[in-house]
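Here the structure is laid out as C-alpha cells; the discussion comes afterwards.
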Amino acid sequence: MAGNMYQVEIKHDGLNKYRIIKGSDRRVVKQKALAQERQWEEMWHKKLEAERKKEEREKAAREKEEKKALAMQLTEEAEQQLQNIENTLSFTLTIDDKIDWESLKDTSEYTIPEPDEPNYVDIPDEPDKNSSDYKPKLNILDRFSAKRKENKIEQMDKLFEENYGNWELKKKQIIAENEEVDNGYKEQLQIWENEKQEFLQEQAEKNHAIDIQKENYLKKIPTAIVDYCDMVLTNSIYPKEFPQEFDIDFNPESKNLIVDYSLPAPIELPRLKGVKYVQSRDDFKEAFLSDSVFNKMYDNLLYQITLRSLHELFEADIISGIDSIVFNGWVNSIDKSTGNEVNSCVLSIQATKEEIMDLNLSQVDPKACFKNLKGIGSSKLHSLAPVAPIIKIDRNDPRFVSSYDLGDGLSESDNLAAMDWQDFEHLIRELFDKEFNQSGGEVNITRASRDGGVDAIAFDPDPIRGGKIVIQAKRYTNVVGVSAVRDLYGTVLNEGATKGILVSTADYGPDAYKFSKDKPITLLNGNNLLHMLQNHGYKAKIDLKEAKKVVNDQ
C-alpha cells in the first residue's frame, strides 16, 4: 500500500497476461483481482477447447486421408494380383528355364574365423652380475676399511642371488603359462581345422552329387530326366496360394513325359478387385469380381498354366530327350453334392516339342491354343467336370517281382544274419510294407540280382515326407563300410528318389555314419531291425558269430 492505495499483481502464464490492480479499498482490489483471474481462466479454457477441437478436426481429416490412401493401396494390390494371374503365361517368356547346374552348387566360403594367435608373456631380461645395479657404491672410508668394503660386496652378491632366484621362478612360471596358452590355442586351432575340413568335404560331396546328377542327365538316364524336369517345374514361380505339386514319369522308349499337375482350386484364387473408402459411413467397401468374370479368369488361368508348363519343360530340354509331353491337370476340391474332398483331372493334353516351340505364346489365346492342340476338358473348367487323362502315370516297375511273407514263421531261434539272402530281402520288404501301409503307401521288391542295387522301392503318399524311397537290405556279418552307403546314395540320385534306407544285420563304421550325415539316407543296424520286428509282433535274433560259422561251414 502506498498513500492509502492498495495494489495486487496478477499474471497468467498460459495467456501470457500481466496486470496490476490498484484501489483505495483493499477488499475491492482483491475482488477485482479474483474477477480478472476468473476471466483469464475462462479465456484459457476456451482457448484449450478450441485447440482440442482443431486437433480433432485435423486428426479426423488425416485419418480420412489415410483411409483413402489405404483403400487405394488395397485396390492397387488387388489389381496387381489379378494382373499377375492374367500374365501367368507371358511371365515365363522372359525367363530362361534351363537348369543352371553351377548355380545349384554350394560355393560359399567357410566363414568361421581362424582362432587368433594368443599374446604370449615375454620373459624379463636375465639379471646381469656385471650390471652397475650389483656394483657396491664404495666411498673413501670403504677404501681404508677392508671389512666395510667386503660387507658391501657381500650385500650386492646377496641381492644379485635373490633377484636371480626370483627371475628363475618368474621365468618358469611364464614358460608354464605360455605353454598352457599355446596348448589351448593349438587345440582350438585343430578343432577349427577339423570343422573347416568337414565343411569343405561336405561341400565337395554335395557339389559332386550335382555333377553326377548333371552327368546322368546328359547321358539321358530316365530317372535323371525326371529329376531334371522336377527342378524345372519347381523353379517356376507362382503365387504362394497355388499348390504347385506334381508327379512326373518318363518313358525312355517313346521319349514321352507324363506330368500329373495339381492346379489351383477356384477357392484359392482372389476375387477382390477393389476397395473404396466411404467417408459418410467411415467404412470400407469391397468390390468383387462377378461370377461370370471370375469363372472366365479361372478357366483362362488353367489354360495358361498348362501351356506355360509345356513351354518350360520343352525349353529346358537341352538334350532333346523329350519328344512329347502329356500334361494332366488335377484340381483338389469339395464335391458340393457329397461334401467330400475329391481330386479330379479337369484337363489333359499331349503335345510334341515341335508343336509347342513353334507357338508364339505372347500372342495366343490360351483357350483357343489348348483346343487347337487337341487338349480335352470341359468347356467350363470352373465346373471341375472330370475327364479321363490321355495317359496315366504307371507306377509298375518291370523290376518288381511277386513277394512272399516270412514274419509269421519267425521264432526267437532264427538268426537273421544267417538267413538266406533272398528270404532276408523279402522279410525287409514285408517289414517296410507294414510300416508304409499305415499311411497308404506301398513297397515292392525288385528282381533278385545280388549286385548291391535296389532291393525294394517304397512309394509314400505323405505330401511332406513322402515320395519314392529306395531300400537296400544287407545281410552282413561284418561292419558295413562307407562304400555301401556311397553306392546307396548314388542309387538314390539315379532313381530320382527322395530318400534311401540301408538295412543291415551288422553295425556301420564311423565313415559310413559320417558320409550319411546331412544326406537323405537312413542307416538301420541290427538293433534297429530287431526293434522293427518286435513292433510288428515278430521275434528273431541276430548272432554274427554264429552266422560267420554257418557261412564258413557252407
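Chain labels run A, B, ... following the order of the C-alpha cells; each chain numbers its residues from 1, and ligands are numbered from 1 in the order shown.
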
Residue list (alpha helix (DSSP H), DSSP) for range 294-508 of chain A, as a VMD selection string: chain A and resid 294 to 316 353 to 357 366 to 372 421 to 437 482 to 495

Residue contacts of range 75-88 of chain A (10 Å, only C-alpha atoms) excluding same-chain residues fewer than 5 positions away, as a VMD selection string: chain A and resid 69 to 70 93 237 to 239 269 to 276 286 to 288 297 to 298 300 to 305 307 to 308 362

Within 10 Å of Asn528 in chain A using only C-alpha atoms, minus same-chain residues under 3 positions, as a PyMOL selection string: chain A and resi 503-505+507+523-525+531-534

Residue neighbourhood Val232 in chain A, 8 Å, only C-alpha atoms, exclusion window fewer than 3 positions, as a ChimeraX atom specification: /A:97-99,228-229,235-236,312-313,316

Contact residues around range 470-476 of chain A with only C-alpha atoms at 8 Å, ignoring same-chain residues under 6 positions, as JSON, numbers by chain: {"A": [416, 417, 418, 419, 421, 424, 425, 428, 452, 453, 454, 455, 456, 457, 458, 488, 491, 492, 495, 497, 499, 500, 501, 502, 503, 504, 505, 506]}

So that I have them on file, write out the residues from the current selection with N, CA and C atoms, as a PDB file, in the first residue's frame.
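For reference, result-v3.pdb as written:
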ATOM      1  N   LEU A 416      18.821-113.921 -38.108  1.00  0.00           N
ATOM      2  CA  LEU A 416      18.658-113.153 -39.340  1.00  0.00           C
ATOM      3  C   LEU A 416      19.968-113.031 -40.113  1.00  0.00           C
ATOM      4  N   ALA A 417      21.085-112.996 -39.399  1.00  0.00           N
ATOM      5  CA  ALA A 417      22.378-112.844 -40.057  1.00  0.00           C
ATOM      6  C   ALA A 417      22.774-114.086 -40.843  1.00  0.00           C
ATOM      7  N   ALA A 418      22.120-115.212 -40.573  1.00  0.00           N
ATOM      8  CA  ALA A 418      22.430-116.459 -41.285  1.00  0.00           C
ATOM      9  C   ALA A 418      21.295-116.851 -42.236  1.00  0.00           C
ATOM     10  N   MET A 419      20.282-115.980 -42.378  1.00  0.00           N
ATOM     11  CA  MET A 419      19.128-116.277 -43.220  1.00  0.00           C
ATOM     12  C   MET A 419      19.522-116.259 -44.696  1.00  0.00           C
ATOM     13  N   TRP A 421      19.751-115.061 -48.292  1.00  0.00           N
ATOM     14  CA  TRP A 421      19.755-113.651 -48.652  1.00  0.00           C
ATOM     15  C   TRP A 421      18.477-113.208 -49.344  1.00  0.00           C
ATOM     16  N   PHE A 424      15.901-112.867 -46.680  1.00  0.00           N
ATOM     17  CA  PHE A 424      16.160-111.659 -45.900  1.00  0.00           C
ATOM     18  C   PHE A 424      15.597-110.421 -46.610  1.00  0.00           C
ATOM     19  N   GLU A 425      15.781-110.330 -47.921  1.00  0.00           N
ATOM     20  CA  GLU A 425      15.251-109.186 -48.665  1.00  0.00           C
ATOM     21  C   GLU A 425      13.726-109.158 -48.616  1.00  0.00           C
ATOM     22  N   ILE A 428      12.615-107.880 -45.223  1.00  0.00           N
ATOM     23  CA  ILE A 428      12.742-106.415 -45.127  1.00  0.00           C
ATOM     24  C   ILE A 428      11.592-105.749 -45.872  1.00  0.00           C
ATOM     25  N   GLY A 452      23.935-105.568 -55.292  1.00  0.00           N
ATOM     26  CA  GLY A 452      24.008-104.365 -54.471  1.00  0.00           C
ATOM     27  C   GLY A 452      23.148-103.241 -54.976  1.00  0.00           C
ATOM     28  N   GLY A 453      22.229-103.525 -55.908  1.00  0.00           N
ATOM     29  CA  GLY A 453      21.378-102.476 -56.442  1.00  0.00           C
ATOM     30  C   GLY A 453      20.163-102.246 -55.568  1.00  0.00           C
ATOM     31  N   VAL A 454      19.031-101.944 -56.213  1.00  0.00           N
ATOM     32  CA  VAL A 454      17.801-101.678 -55.488  1.00  0.00           C
ATOM     33  C   VAL A 454      17.170-102.997 -55.077  1.00  0.00           C
ATOM     34  N   ASP A 455      16.890-103.155 -53.786  1.00  0.00           N
ATOM     35  CA  ASP A 455      16.226-104.359 -53.305  1.00  0.00           C
ATOM     36  C   ASP A 455      14.723-104.159 -53.190  1.00  0.00           C
ATOM     37  N   ALA A 456      14.294-102.928 -52.893  1.00  0.00           N
ATOM     38  CA  ALA A 456      12.865-102.629 -52.779  1.00  0.00           C
ATOM     39  C   ALA A 456      12.641-101.149 -53.043  1.00  0.00           C
ATOM     40  N   ILE A 457      11.452-100.841 -53.547  1.00  0.00           N
ATOM     41  CA  ILE A 457      11.052 -99.455 -53.792  1.00  0.00           C
ATOM     42  C   ILE A 457       9.778 -99.200 -53.005  1.00  0.00           C
ATOM     43  N   ALA A 458       9.774 -98.133 -52.209  1.00  0.00           N
ATOM     44  CA  ALA A 458       8.582 -97.743 -51.460  1.00  0.00           C
ATOM     45  C   ALA A 458       8.044 -96.443 -52.038  1.00  0.00           C
ATOM     46  N   LEU A 488      24.522 -96.594 -52.140  1.00  0.00           N
ATOM     47  CA  LEU A 488      23.104 -96.293 -51.928  1.00  0.00           C
ATOM     48  C   LEU A 488      22.802 -94.854 -52.337  1.00  0.00           C
ATOM     49  N   THR A 491      22.537 -94.601 -55.970  1.00  0.00           N
ATOM     50  CA  THR A 491      21.284 -95.204 -56.434  1.00  0.00           C
ATOM     51  C   THR A 491      20.109 -94.258 -56.208  1.00  0.00           C
ATOM     52  N   VAL A 492      20.105 -93.571 -55.052  1.00  0.00           N
ATOM     53  CA  VAL A 492      19.042 -92.610 -54.757  1.00  0.00           C
ATOM     54  C   VAL A 492      18.997 -91.527 -55.829  1.00  0.00           C
ATOM     55  N   GLU A 495      17.818 -93.048 -59.230  1.00  0.00           N
ATOM     56  CA  GLU A 495      16.397 -93.406 -59.231  1.00  0.00           C
ATOM     57  C   GLU A 495      15.498 -92.179 -59.125  1.00  0.00           C
ATOM     58  N   ALA A 497      14.964 -90.707 -56.381  1.00  0.00           N
ATOM     59  CA  ALA A 497      14.229 -90.944 -55.143  1.00  0.00           C
ATOM     60  C   ALA A 497      14.430 -89.783 -54.173  1.00  0.00           C
ATOM     61  N   LYS A 499      14.649 -90.435 -50.861  1.00  0.00           N
ATOM     62  CA  LYS A 499      15.337 -90.926 -49.674  1.00  0.00           C
ATOM     63  C   LYS A 499      15.857 -92.332 -49.933  1.00  0.00           C
ATOM     64  N   GLY A 500      16.899 -92.723 -49.182  1.00  0.00           N
ATOM     65  CA  GLY A 500      17.422 -94.083 -49.238  1.00  0.00           C
ATOM     66  C   GLY A 500      17.522 -94.667 -47.840  1.00  0.00           C
ATOM     67  N   ILE A 501      17.200 -95.951 -47.716  1.00  0.00           N
ATOM     68  CA  ILE A 501      17.274 -96.637 -46.420  1.00  0.00           C
ATOM     69  C   ILE A 501      18.140 -97.877 -46.594  1.00  0.00           C
ATOM     70  N   LEU A 502      19.163 -98.006 -45.766  1.00  0.00           N
ATOM     71  CA  LEU A 502      20.052 -99.167 -45.788  1.00  0.00           C
ATOM     72  C   LEU A 502      19.824 -99.958 -44.498  1.00  0.00           C
ATOM     73  N   VAL A 503      19.465-101.221 -44.659  1.00  0.00           N
ATOM     74  CA  VAL A 503      19.177-102.083 -43.505  1.00  0.00           C
ATOM     75  C   VAL A 503      20.218-103.188 -43.467  1.00  0.00           C
ATOM     76  N   SER A 504      20.863-103.363 -42.327  1.00  0.00           N
ATOM     77  CA  SER A 504      21.896-104.381 -42.202  1.00  0.00           C
ATOM     78  C   SER A 504      21.746-105.119 -40.876  1.00  0.00           C
ATOM     79  N   THR A 505      22.181-106.387 -40.887  1.00  0.00           N
ATOM     80  CA  THR A 505      22.194-107.159 -39.643  1.00  0.00           C
ATOM     81  C   THR A 505      23.366-106.737 -38.773  1.00  0.00           C
ATOM     82  N   ALA A 506      24.400-106.129 -39.356  1.00  0.00           N
ATOM     83  CA  ALA A 506      25.569-105.683 -38.597  1.00  0.00           C
ATOM     84  C   ALA A 506      25.473-104.178 -38.350  1.00  0.00           C
TER      85      ALA A 506
END

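Proximity of A:Gln350, A:Gln197, A:Asn16, A:Asn360 to Val326 in chain A, computed with only C-alpha atoms, is greatest for A:Gln350.
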
Who sits within 8 Å of His382 in chain A, only C-alpha atoms, same chain under 6 positions skipped, as a list in words: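 Using only C-alpha atoms, the neighbours found are Pro266, Asn295, Tyr298 and Asp299 of chain A.
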
Would you put the residues from that selection into a file with N, CA, C and O atoms, as a PDB file, in the first residue's frame?
ATOM      1  N   PRO A 266     -10.739 -73.148 -57.435  1.00  0.00           N
ATOM      2  CA  PRO A 266     -11.311 -71.796 -57.503  1.00  0.00           C
ATOM      3  C   PRO A 266     -11.198 -71.031 -56.191  1.00  0.00           C
ATOM      4  O   PRO A 266     -10.979 -69.819 -56.190  1.00  0.00           O
ATOM      5  N   ASN A 295     -15.162 -66.766 -63.312  1.00  0.00           N
ATOM      6  CA  ASN A 295     -15.103 -68.077 -63.974  1.00  0.00           C
ATOM      7  C   ASN A 295     -14.258 -68.018 -65.250  1.00  0.00           C
ATOM      8  O   ASN A 295     -13.492 -68.937 -65.549  1.00  0.00           O
ATOM      9  N   TYR A 298     -10.655 -67.850 -64.167  1.00  0.00           N
ATOM     10  CA  TYR A 298     -10.187 -69.143 -63.662  1.00  0.00           C
ATOM     11  C   TYR A 298      -9.879 -70.101 -64.816  1.00  0.00           C
ATOM     12  O   TYR A 298      -8.807 -70.733 -64.849  1.00  0.00           O
ATOM     13  N   ASP A 299     -10.801 -70.201 -65.763  1.00  0.00           N
ATOM     14  CA  ASP A 299     -10.578 -71.081 -66.907  1.00  0.00           C
ATOM     15  C   ASP A 299      -9.324 -70.658 -67.675  1.00  0.00           C
ATOM     16  O   ASP A 299      -8.491 -71.500 -68.052  1.00  0.00           O
TER      17      ASP A 299
END

A:Thr477, A:Ser378, A:Thr306, A:Gln155 ranked by distance to Ile349 in chain A, top pick (using only C-alpha atoms): A:Thr306

Using only C-alpha atoms: which of A:Ile334, A:Met231, A:Ile112, A:Leu74 has the shortest distance to Phe246 in chain A: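 Among the listed residues, A:Met231 lies closest to Phe246 in chain A.
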
Close residues, Asn216 in chain A itself excluded, 8 Å, only C-alpha atoms, min 5 positions apart in chain, as a list in words: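 Here the answer would be Ile221, Ala224 and Asn494 of chain A.
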
Straight-line distance linking CA of Pro510 in chain A with CA of Phe199 in chain A, stated in Å to one decimal: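 That distance, rounded to one decimal, is 17.1 Å.
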
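Using only C-alpha atoms, the smallest distance between any of A:Val28, A:Ile95, A:Leu530, A:Leu159 and Glu315 in chain A comes from A:Ile95.
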
CA of Val364 in chain A to CA of Leu89 in chain A, distance in Å rounded to a single decimal: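 Computed distance, CA of Val364 in chain A to CA of Leu89 in chain A, equals 9.9 Å.
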
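Using only C-alpha atoms, the nearest neighbour of Leu257 in chain A within the list A:Lys353, A:Lys64, A:Arg27, A:Lys17 is A:Lys353.
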
Best match for closeness to Ala540 in chain A among A:Ser411, A:Gln422, A:Gln363, A:Asn527, counting only C-alpha atoms: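 Comparing A:Ser411, A:Gln422, A:Gln363, A:Asn527 against Ala540 in chain A, the winner is A:Ser411.
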
For CA of Ile356 in chain A and CA of Phe242 in chain A, the interatomic separation in Å (one decimal): 24.1 Å

All strand (DSSP E or B) positions in range 195-392 of chain A, as a count of residues only: 52
